[in-house]
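Engineer: File protein-v4.pdb below, PDB, C-alpha atoms:
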ATOM      1  CA  MET A 562    -119.084  63.699  88.388
ATOM      2  CA  PRO A 563    -116.450  66.470  88.395
ATOM      3  CA  PRO A 564    -115.761  67.877  84.927
ATOM      4  CA  GLU A 565    -112.175  66.515  84.966
ATOM      5  CA  ALA A 566    -113.406  62.954  85.262
ATOM      6  CA  ARG A 567    -114.926  63.212  81.798
ATOM      7  CA  ASN A 568    -111.528  63.589  80.169
ATOM      8  CA  GLY A 569    -111.120  59.842  79.775
ATOM      9  CA  PRO A 570    -108.096  57.765  80.719
ATOM     10  CA  LEU A 571    -104.859  59.674  81.087
ATOM     11  CA  THR A 572    -101.838  58.539  79.150
ATOM     12  CA  GLU A 573     -99.037  57.062  81.207
ATOM     13  CA  THR A 574     -96.896  60.107  80.395
ATOM     14  CA  VAL A 575     -99.548  62.586  81.577
ATOM     15  CA  TYR A 576    -100.315  60.542  84.702
ATOM     16  CA  TYR A 577     -96.688  60.358  85.770
ATOM     17  CA  VAL A 578     -95.900  63.988  84.920
ATOM     18  CA  LEU A 579     -98.849  65.099  87.091
ATOM     19  CA  LEU A 580     -97.699  62.851  89.945
ATOM     20  CA  GLY A 581     -94.148  64.115  89.538
ATOM     21  CA  LEU A 582     -95.295  67.711  89.978
ATOM     22  CA  TYR A 583     -96.891  67.296  93.424
ATOM     23  CA  THR A 584     -93.597  68.894  94.429
ATOM     24  CA  PRO A 585     -92.322  71.754  92.205
ATOM     25  CA  LEU A 586     -89.704  70.563  89.713
ATOM     26  CA  HIS A 587     -88.053  71.663  86.495
ATOM     27  CA  GLY A 588     -88.221  69.517  83.382
ATOM     28  CA  TYR A 589     -85.094  67.489  83.981
ATOM     29  CA  GLY A 590     -86.183  66.853  87.583
ATOM     30  CA  VAL A 591     -89.471  65.377  86.327
ATOM     31  CA  MET A 592     -87.554  63.007  84.021
ATOM     32  CA  GLN A 593     -85.362  61.774  86.875
ATOM     33  CA  LEU A 594     -88.220  61.423  89.358
ATOM     34  CA  VAL A 595     -90.461  59.512  86.930
ATOM     35  CA  ASN A 596     -87.572  57.236  86.039
ATOM     36  CA  ALA A 597     -86.939  56.552  89.739
ATOM     37  CA  ILE A 598     -90.554  55.942  90.862
ATOM     38  CA  SER A 599     -91.248  53.660  87.885
ATOM     39  CA  GLY A 600     -88.192  51.590  88.766
ATOM     40  CA  GLY A 601     -86.431  52.672  85.587
ATOM     41  CA  ARG A 602     -89.292  51.427  83.375
ATOM     42  CA  ILE A 603     -90.223  54.881  82.066
ATOM     43  CA  ASN A 604     -87.533  57.003  80.529
ATOM     44  CA  LEU A 605     -89.389  60.152  79.401
ATOM     45  CA  GLY A 606     -88.073  61.524  76.129
ATOM     46  CA  PRO A 607     -87.339  65.265  76.298
ATOM     47  CA  GLY A 608     -89.547  65.952  73.249
ATOM     48  CA  THR A 609     -92.404  63.996  74.816
ATOM     49  CA  LEU A 610     -91.985  65.725  78.175
ATOM     50  CA  TYR A 611     -91.805  69.196  76.634
ATOM     51  CA  GLY A 612     -95.029  68.528  74.703
ATOM     52  CA  ALA A 613     -96.742  67.194  77.832
ATOM     53  CA  LEU A 614     -95.673  70.186  79.969
ATOM     54  CA  THR A 615     -96.953  72.596  77.308
ATOM     55  CA  ALA A 616    -100.263  70.762  76.890
ATOM     56  CA  LEU A 617    -100.832  70.404  80.649
ATOM     57  CA  THR A 618    -100.090  74.102  81.206
ATOM     58  CA  ASP A 619    -102.590  75.032  78.470
ATOM     59  CA  LYS A 620    -105.138  72.751  80.109
ATOM     60  CA  GLY A 621    -104.572  74.404  83.510
ATOM     61  CA  TRP A 622    -103.530  71.155  85.241
ATOM     62  CA  ILE A 623    -100.052  72.442  85.989
ATOM     63  CA  THR A 624     -98.601  75.928  86.200
ATOM     64  CA  GLN A 625     -95.199  77.537  85.872
ATOM     65  CA  LEU A 626     -93.731  78.978  89.041
ATOM     66  CA  ALA A 627     -92.496  82.551  88.869
ATOM     67  CA  GLY A 628     -88.774  81.782  88.825
ATOM     68  CA  VAL A 629     -85.986  83.667  90.506
ATOM     69  CA  GLU A 630     -84.648  86.435  88.291
ATOM     70  CA  GLY A 631     -81.864  85.120  86.084
ATOM     71  CA  ASP A 632     -82.746  81.519  86.810
ATOM     72  CA  ARG A 633     -83.259  79.983  83.400
ATOM     73  CA  LYS A 634     -84.725  76.686  84.567
ATOM     74  CA  LYS A 635     -88.486  76.843  84.821
ATOM     75  CA  GLU A 636     -90.194  75.053  87.634
ATOM     76  CA  TYR A 637     -93.674  73.628  87.293
ATOM     77  CA  VAL A 638     -96.197  72.552  89.914
ATOM     78  CA  ILE A 639     -99.584  70.813  89.813
ATOM     79  CA  THR A 640    -102.758  72.937  90.234
ATOM     80  CA  ASP A 641    -105.983  72.098  92.074
ATOM     81  CA  ALA A 642    -107.596  71.143  88.766
ATOM     82  CA  GLY A 643    -104.634  68.839  88.149
ATOM     83  CA  ARG A 644    -105.037  67.223  91.576
ATOM     84  CA  ARG A 645    -108.731  66.598  90.891
ATOM     85  CA  THR A 646    -107.766  64.970  87.586
ATOM     86  CA  VAL A 647    -105.298  62.672  89.340
ATOM     87  CA  CYS A 648    -107.908  61.722  91.962
ATOM     88  CA  GLY A 649    -110.461  60.956  89.241
ATOM     89  CA  GLU A 650    -107.889  58.814  87.450
ATOM     90  CA  LEU A 651    -107.032  56.977  90.668
ATOM     91  CA  GLU A 652    -110.700  56.007  91.096
ATOM     92  CA  ARG A 653    -110.770  54.677  87.553
ATOM     93  CA  LEU A 654    -107.553  52.741  88.087
ATOM     94  CA  GLU A 655    -108.903  51.275  91.371
ATOM     95  CA  GLU A 656    -111.914  49.972  89.489
ATOM     96  CA  LEU A 657    -109.698  48.434  86.792
ATOM     97  CA  LEU A 658    -107.487  46.790  89.402
ATOM     98  CA  GLN A 659    -110.374  45.472  91.515
ATOM     99  CA  ASN A 660    -112.166  43.959  88.540
ATOM    100  CA  GLY A 661    -108.945  42.500  87.198
ATOM    101  CA  ARG A 662    -108.012  40.929  90.513
ATOM    102  CA  HIS A 663    -111.550  39.654  91.088
ATOM    103  CA  ILE A 664    -111.871  37.945  87.702
ATOM    104  CA  THR A 665    -108.381  36.505  87.464
ATOM    105  CA  LYS A 666    -108.550  35.494  91.178
ATOM    106  CA  GLY A 667    -104.929  36.352  91.614
ATOM    107  CA  GLU A 668    -103.844  33.921  88.874
ATOM    108  CA  GLN A 669    -100.138  33.977  88.284
ATOM    109  CA  ARG A 670     -98.644  34.397  84.875
TER
ATOM    110  CA  MET B 502     -58.061  69.607  66.739
ATOM    111  CA  LYS B 503     -58.299  68.107  63.275
ATOM    112  CA  HIS B 504     -61.697  68.330  61.645
ATOM    113  CA  ASN B 505     -63.186  66.103  58.983
ATOM    114  CA  VAL B 506     -65.538  67.774  56.537
ATOM    115  CA  VAL B 507     -68.166  65.807  54.634
ATOM    116  CA  PHE B 508     -70.376  67.310  51.915
ATOM    117  CA  LYS B 509     -73.731  65.636  52.058
ATOM    118  CA  ASN B 510     -77.420  66.347  52.238
ATOM    119  CA  PHE B 511     -80.347  64.384  53.639
ATOM    120  CA  LEU B 512     -84.028  64.883  53.019
ATOM    121  CA  ASP B 513     -85.000  62.062  55.373
ATOM    122  CA  PHE B 514     -84.150  62.944  58.975
ATOM    123  CA  GLU B 515     -84.138  59.361  60.188
ATOM    124  CA  LYS B 516     -81.623  58.331  57.540
ATOM    125  CA  GLU B 517     -79.521  61.266  58.663
ATOM    126  CA  ASP B 518     -79.727  60.077  62.296
ATOM    127  CA  LEU B 519     -78.612  56.603  61.223
ATOM    128  CA  TRP B 520     -75.687  58.025  59.298
ATOM    129  CA  LEU B 521     -74.594  60.366  62.116
ATOM    130  CA  ASN B 522     -74.768  57.582  64.686
ATOM    131  CA  GLY B 523     -72.847  55.304  62.318
ATOM    132  CA  MET B 524     -70.124  57.946  62.012
ATOM    133  CA  ALA B 525     -70.122  58.422  65.806
ATOM    134  CA  ALA B 526     -69.692  54.665  66.230
ATOM    135  CA  LYS B 527     -66.553  54.946  64.080
ATOM    136  CA  GLY B 528     -65.221  57.740  66.299
ATOM    137  CA  LEU B 529     -66.343  60.701  64.194
ATOM    138  CA  ALA B 530     -68.632  62.997  66.160
ATOM    139  CA  MET B 531     -70.503  65.713  64.259
ATOM    140  CA  VAL B 532     -69.852  69.125  65.841
ATOM    141  CA  ARG B 533     -71.004  71.730  63.316
ATOM    142  CA  TRP B 534     -73.455  71.757  60.465
ATOM    143  CA  PHE B 535     -74.093  74.093  57.559
ATOM    144  CA  PRO B 536     -76.368  73.395  54.600
ATOM    145  CA  TYR B 537     -74.731  70.462  52.719
ATOM    146  CA  ILE B 538     -71.712  70.489  55.080
ATOM    147  CA  TYR B 539     -71.105  68.241  58.091
ATOM    148  CA  ILE B 540     -68.045  68.857  60.259
ATOM    149  CA  PHE B 541     -66.748  66.051  62.451
ATOM    150  CA  GLU B 542     -64.270  65.770  65.286
ATOM    151  CA  ARG B 543     -62.437  62.640  66.462
ATOM    152  CA  SER B 544     -63.955  61.154  69.613
ATOM    153  CA  GLU B 545     -64.137  57.854  71.451
ATOM    154  CA  PRO B 546     -66.111  55.491  69.199
ATOM    155  CA  GLY B 547     -69.772  55.553  70.239
ATOM    156  CA  ALA B 548     -69.290  58.352  72.780
ATOM    157  CA  TRP B 549     -72.239  60.341  71.398
ATOM    158  CA  THR B 550     -75.789  59.541  70.333
ATOM    159  CA  TYR B 551     -77.453  61.836  67.768
ATOM    160  CA  ARG B 552     -81.148  62.554  67.316
ATOM    161  CA  SER B 553     -82.801  65.127  65.135
ATOM    162  CA  GLY B 554     -86.288  66.494  64.988
ATOM    163  CA  MET B 555     -88.557  69.409  64.247
ATOM    164  CA  LEU B 556     -88.788  72.279  66.688
ATOM    165  CA  PRO B 557     -92.244  73.174  68.027
ATOM    166  CA  GLN B 558     -93.459  76.003  65.797
ATOM    167  CA  ALA B 559     -94.530  78.410  68.520
ATOM    168  CA  SER B 560     -91.660  77.913  70.943
ATOM    169  CA  GLY B 561     -88.459  76.757  69.239
ATOM    170  CA  LYS B 562     -86.162  78.792  71.495
ATOM    171  CA  GLN B 563     -87.815  77.561  74.698
ATOM    172  CA  TYR B 564     -87.530  74.004  73.381
ATOM    173  CA  LEU B 565     -83.779  74.419  72.829
ATOM    174  CA  ALA B 566     -83.383  75.912  76.331
ATOM    175  CA  PHE B 567     -85.329  72.975  77.742
ATOM    176  CA  MET B 568     -82.996  70.574  75.926
ATOM    177  CA  ALA B 569     -79.932  72.337  77.319
ATOM    178  CA  ASP B 570     -81.361  72.023  80.863
ATOM    179  CA  ALA B 571     -81.834  68.305  80.288
ATOM    180  CA  GLY B 572     -78.150  67.932  79.408
ATOM    181  CA  ILE B 573     -78.705  67.673  75.672
ATOM    182  CA  GLU B 574     -76.444  69.559  73.298
ATOM    183  CA  THR B 575     -77.896  71.270  70.229
ATOM    184  CA  VAL B 576     -75.361  70.676  67.461
ATOM    185  CA  ALA B 577     -77.364  72.416  64.748
ATOM    186  CA  ALA B 578     -80.615  74.343  64.561
ATOM    187  CA  PHE B 579     -81.750  75.567  61.197
ATOM    188  CA  SER B 580     -85.125  76.562  59.768
ATOM    189  CA  GLY B 581     -87.309  74.759  62.265
ATOM    190  CA  TRP B 582     -85.055  71.705  62.522
ATOM    191  CA  ALA B 583     -82.466  70.708  65.072
ATOM    192  CA  ILE B 584     -79.828  68.020  65.489
ATOM    193  CA  PHE B 585     -79.167  67.091  69.115
ATOM    194  CA  ARG B 586     -76.571  64.903  70.721
ATOM    195  CA  LYS B 587     -76.065  63.412  74.142
ATOM    196  CA  ALA B 588     -73.181  61.507  75.668
ATOM    197  CA  THR B 589     -74.071  57.818  75.284
ATOM    198  CA  THR B 590     -75.178  56.186  78.550
ATOM    199  CA  GLU B 591     -76.966  52.940  79.418
ATOM    200  CA  GLU B 592     -80.296  54.728  78.992
ATOM    201  CA  PRO B 593     -81.006  54.961  75.269
ATOM    202  CA  PHE B 594     -81.398  58.560  74.082
ATOM    203  CA  GLU B 595     -84.704  59.090  72.275
ATOM    204  CA  LEU B 596     -86.533  62.390  71.843
ATOM    205  CA  PHE B 597     -89.935  60.709  72.144
ATOM    206  CA  SER B 598     -90.998  58.036  74.583
ATOM    207  CA  ASP B 599     -94.665  57.406  73.801
ATOM    208  CA  ILE B 600     -96.790  56.639  70.740
ATOM    209  CA  GLU B 601     -98.828  59.830  71.066
ATOM    210  CA  SER B 602     -95.870  62.193  70.821
ATOM    211  CA  ARG B 603     -94.159  60.122  68.121
ATOM    212  CA  ILE B 604     -97.284  60.381  65.963
ATOM    213  CA  ALA B 605     -97.527  64.134  66.591
ATOM    214  CA  HIS B 606     -93.896  64.605  65.543
ATOM    215  CA  TYR B 607     -94.296  62.497  62.391
ATOM    216  CA  GLN B 608     -97.418  64.468  61.513
ATOM    217  CA  SER B 609     -95.556  67.752  61.592
ATOM    218  CA  VAL B 610     -92.718  66.197  59.540
ATOM    219  CA  ARG B 611     -95.236  64.943  56.996
ATOM    220  CA  LYS B 612     -96.903  68.319  56.765
ATOM    221  CA  ARG B 613     -93.563  69.928  56.079
ATOM    222  CA  SER B 614     -92.379  67.431  53.471
ATOM    223  CA  ALA B 615     -95.775  67.373  51.746
ATOM    224  CA  PHE B 616     -95.694  71.157  51.627
ATOM    225  CA  ALA B 617     -92.182  71.046  50.137
ATOM    226  CA  SER B 618     -93.286  68.484  47.509
ATOM    227  CA  TYR B 619     -96.272  70.571  46.433
ATOM    228  CA  GLY B 620     -94.144  73.706  46.299
ATOM    229  CA  LEU B 621     -91.528  72.014  44.135
ATOM    230  CA  VAL B 622     -94.129  70.458  41.809
ATOM    231  CA  LEU B 623     -95.885  73.800  41.371
ATOM    232  CA  GLY B 624     -92.578  75.616  40.866
ATOM    233  CA  THR B 625     -91.335  73.156  38.247
ATOM    234  CA  ALA B 626     -94.699  73.061  36.456
ATOM    235  CA  ALA B 627     -94.906  76.865  36.421
ATOM    236  CA  TYR B 628     -91.403  77.051  34.997
ATOM    237  CA  GLY B 629     -92.250  74.458  32.310
ATOM    238  CA  LEU B 630     -95.392  76.327  31.320
ATOM    239  CA  PHE B 631     -93.520  79.604  31.181
ATOM    240  CA  TRP B 632     -90.816  77.942  29.061
ATOM    241  CA  PHE B 633     -93.349  76.676  26.521
ATOM    242  CA  MET B 634     -95.077  80.043  26.316
ATOM    243  CA  VAL B 635     -91.841  81.870  25.671
ATOM    244  CA  ASN B 636     -90.211  79.285  23.415
ATOM    245  CA  SER B 637     -93.133  78.000  21.350
ATOM    246  CA  VAL B 638     -92.388  80.542  18.633
ATOM    247  CA  GLU B 639     -88.691  79.940  18.049
ATOM    248  CA  PRO B 640     -86.966  77.557  20.480
ATOM    249  CA  ASP B 641     -83.194  77.737  20.723
ATOM    250  CA  SER B 642     -80.881  75.064  22.031
ATOM    251  CA  THR B 643     -79.565  76.940  25.118
ATOM    252  CA  ASN B 644     -83.128  77.268  26.388
ATOM    253  CA  ILE B 645     -83.783  73.579  25.893
ATOM    254  CA  LEU B 646     -80.612  72.735  27.799
ATOM    255  CA  PHE B 647     -81.682  74.967  30.686
ATOM    256  CA  LEU B 648     -85.134  73.340  30.834
ATOM    257  CA  ALA B 649     -83.482  69.901  30.827
ATOM    258  CA  PHE B 650     -81.234  71.052  33.678
ATOM    259  CA  VAL B 651     -84.200  72.248  35.764
ATOM    260  CA  LEU B 652     -86.035  68.961  35.221
ATOM    261  CA  PHE B 653     -82.875  66.934  35.854
ATOM    262  CA  LEU B 654     -82.438  68.625  39.243
ATOM    263  CA  GLY B 655     -86.081  69.177  40.151
ATOM    264  CA  LEU B 656     -87.620  65.794  39.431
ATOM    265  CA  PRO B 657     -85.321  63.697  41.685
ATOM    266  CA  ILE B 658     -85.780  66.169  44.558
ATOM    267  CA  ILE B 659     -89.566  66.034  44.126
ATOM    268  CA  GLY B 660     -89.305  62.240  44.115
ATOM    269  CA  MET B 661     -87.253  62.237  47.304
ATOM    270  CA  THR B 662     -89.509  64.617  49.262
ATOM    271  CA  MET B 663     -92.503  62.554  48.154
ATOM    272  CA  ALA B 664     -90.729  59.379  49.288
ATOM    273  CA  VAL B 665     -90.231  60.950  52.735
ATOM    274  CA  THR B 666     -93.922  61.907  52.864
ATOM    275  CA  VAL B 667     -94.955  58.350  51.960
ATOM    276  CA  ARG B 668     -92.537  56.722  54.422
ATOM    277  CA  VAL B 669     -93.668  58.962  57.292
ATOM    278  CA  THR B 670     -97.340  58.358  56.435
ATOM    279  CA  LYS B 671     -96.726  54.596  56.651
ATOM    280  CA  ALA B 672     -94.905  55.028  59.971
ATOM    281  CA  ILE B 673     -97.895  56.993  61.328
ATOM    282  CA  ARG B 674    -100.267  54.199  60.243
ATOM    283  CA  VAL B 675     -98.189  51.563  62.032
ATOM    284  CA  LEU B 676     -98.157  53.644  65.230
ATOM    285  CA  GLU B 677    -101.894  54.304  65.009
ATOM    286  CA  ALA B 678    -102.586  50.576  64.661
ATOM    287  CA  GLN B 679    -100.413  49.998  67.717
ATOM    288  CA  ARG B 680    -102.273  52.687  69.644
ATOM    289  CA  ARG B 681    -105.591  50.912  69.054
ATOM    290  CA  LEU B 682    -104.460  48.123  71.368
ATOM    291  CA  ALA B 683    -102.129  49.849  73.783
ATOM    292  CA  GLU B 684    -101.039  53.309  74.684
TER
END
As structure tokens, what does this structure read like?
Structural biologist:
Amino acid sequence: MPPEARNGPLTETVYYVLLGLYTPLHGYGVMQLVNAISGGRINLGPGTLYGALTALTDKGWITQLAGVEGDRKKEYVITDAGRRTVCGELERLEELLQNGRHITKGEQR
Amino acid sequence: MKHNVVFKNFLDFEKEDLWLNGMAAKGLAMVRWFPYIYIFERSEPGAWTYRSGMLPQASGKQYLAFMADAGIETVAAFSGWAIFRKATTEEPFELFSDIESRIAHYQSVRKRSAFASYGLVLGTAAYGLFWFMVNSVEPDSTNILFLAFVLFLGLPIIGMTMAVTVRVTKAIRVLEAQRRLAE
């Protein structure tokens, strides 16, 4: 088991921020992208996003790109460790989905 | 442009948010803040939504720059606190969007208000003790009046900061109970 897999389930915020940073983006770009790919369901608060970006940078799952001189907006991008974390999480989510589908047998709400 | 000035002070940031948004709904948008002074400008009713919160201790300036990039205006920033506003859109404007970060923010608010309560209690108690030591021999009426004044001002403020601490602690408990079942 890779060390990242032992981190336990990711929060929805962390999961989507990591996904959002497969292409380099600045903070506001992450907010817009996550809002779009979740069909408007997730509207990341700026305080929440700032905290997540700081924590993920400390953890080494994302990194800040060396910006152009004078460009105030900081761009972030996912690291290899971050990608491994996402892959580990995907496996966990697959298992959840498979078991859920199998036991409910596709029951409708 | 004509400005409206209101002299007021809040110890509870969420009550302040409610008040500011209530004023904004009436067409009075807060544009400047100084201790005890709020300055408003006329605007379309409900044009702005206000939110305030603590700045991250290590990186307050970066946080404010981040807010500016996200299209959020900092109306006031003072001693680790900031009041933000954003033009009202269909998307509600909240600083925090998950339980985890809401709890973390409340925890830093609680730490701050608890610290303020203890400081005020210690300060008032130290002053009282000092007063008794100095005045036990021959008290005079001016000194008694001054002590009464300190207690008259100090005790309600201590009560209010403690009330904030208690309210925030309860809010944290509710969120933690929620987190046990869902993220």
Engineer: Distance limit 7 Å, atoms considered: only C-alpha atoms. Which chain B residues sit that close to chain A? Return them as a PyMOL selection string.
Structural biologist: chain B and resi 568+570-571+595-598+602+684
Engineer: Care to translate the PyMOL selection byres ((chain A and resi 636) around 12) into actual residues of this file, as an MDAnalysis selection string?
Structural biologist: (chainID A and resid 581:591 614 618 623:629 632:635 637:639) or (chainID B and resid 567 570)
Engineer: Using Å and a single decimal, report how far atom CA of Ile598 of chain A sits from atom CA of Phe585 of chain B.
Structural biologist: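 Value for the atom CA of Phe585 of chain B-atom CA of Ile598 of chain A distance: 27.0 Å.
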Engineer: Which distance in Å separates atom CA of Arg653 of chain A and atom CA of Tyr576 of chain A, to one decimal?
Structural biologist: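 Atom CA of Arg653 of chain A sits 12.3 Å away from atom CA of Tyr576 of chain A.
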Engineer: Could you work out how far atom CA of Glu515 of chain B lies from atom CA of Phe616 of chain B, giving the answer in Å with one decimal?
Structural biologist: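 Straight-line distance from atom CA of Phe616 of chain B to atom CA of Glu515 of chain B works out to 18.6 Å.
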Engineer: Show me, as a list in words, the residues that have an atom within 8 Å of Met531 of chain B when counting all atoms listed in the file, minus same-chain residues fewer than 2 positions from it.
Structural biologist: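 Final neighbour list, sorted by chain and number: Leu521, Ala525, Leu529, Arg533, Trp534, Tyr539, Ile540, Phe541, Glu542 and Val576 of chain B.
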Engineer: Might you pull out every residue within 10 Å of segment 546-559 of chain B, with all atoms listed in the file counted and same-chain residues fewer than 2 positions away left off, and present them as number ranges by chain?
Structural biologist: A: 608, 611-612; B: 514-515, 517-531, 543-544, 561-565, 573-590, 593-597, 606-607, 609-610, 613
Engineer: To verify the selection step, state as a PDB file with C-alpha atoms, in the coordinates of the input which residues the PyMOL selection byres ((chain B and resi 665) around 8) yields on this input.
Structural biologist:
ATOM      1  CA  LEU B 512     -84.028  64.883  53.019  1.00  0.00           C
ATOM      2  CA  ASP B 513     -85.000  62.062  55.373  1.00  0.00           C
ATOM      3  CA  ARG B 611     -95.236  64.943  56.996  1.00  0.00           C
ATOM      4  CA  SER B 614     -92.379  67.431  53.471  1.00  0.00           C
ATOM      5  CA  MET B 661     -87.253  62.237  47.304  1.00  0.00           C
ATOM      6  CA  THR B 662     -89.509  64.617  49.262  1.00  0.00           C
ATOM      7  CA  MET B 663     -92.503  62.554  48.154  1.00  0.00           C
ATOM      8  CA  ALA B 664     -90.729  59.379  49.288  1.00  0.00           C
ATOM      9  CA  THR B 666     -93.922  61.907  52.864  1.00  0.00           C
ATOM     10  CA  VAL B 667     -94.955  58.350  51.960  1.00  0.00           C
ATOM     11  CA  ARG B 668     -92.537  56.722  54.422  1.00  0.00           C
ATOM     12  CA  VAL B 669     -93.668  58.962  57.292  1.00  0.00           C
TER      13      VAL B 669
END
Engineer: Which residue gives the smallest distance to Phe653 of chain B among B:Asn510, B:Gln679, B:Ser560, B:Thr625, with all atoms listed in the file counted?
Structural biologist: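 When distances to Phe653 of chain B are compared using all atoms listed in the file, the smallest one comes from B:Thr625.
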Engineer: Taking the file as I've supplied it (selection: the PyMOL selection byres ((chain B and resi 537) around 10)), which residues are included? Please answer as an MDAnalysis selection string.
Structural biologist: chainID B and resid 507:511 534:536 538:539
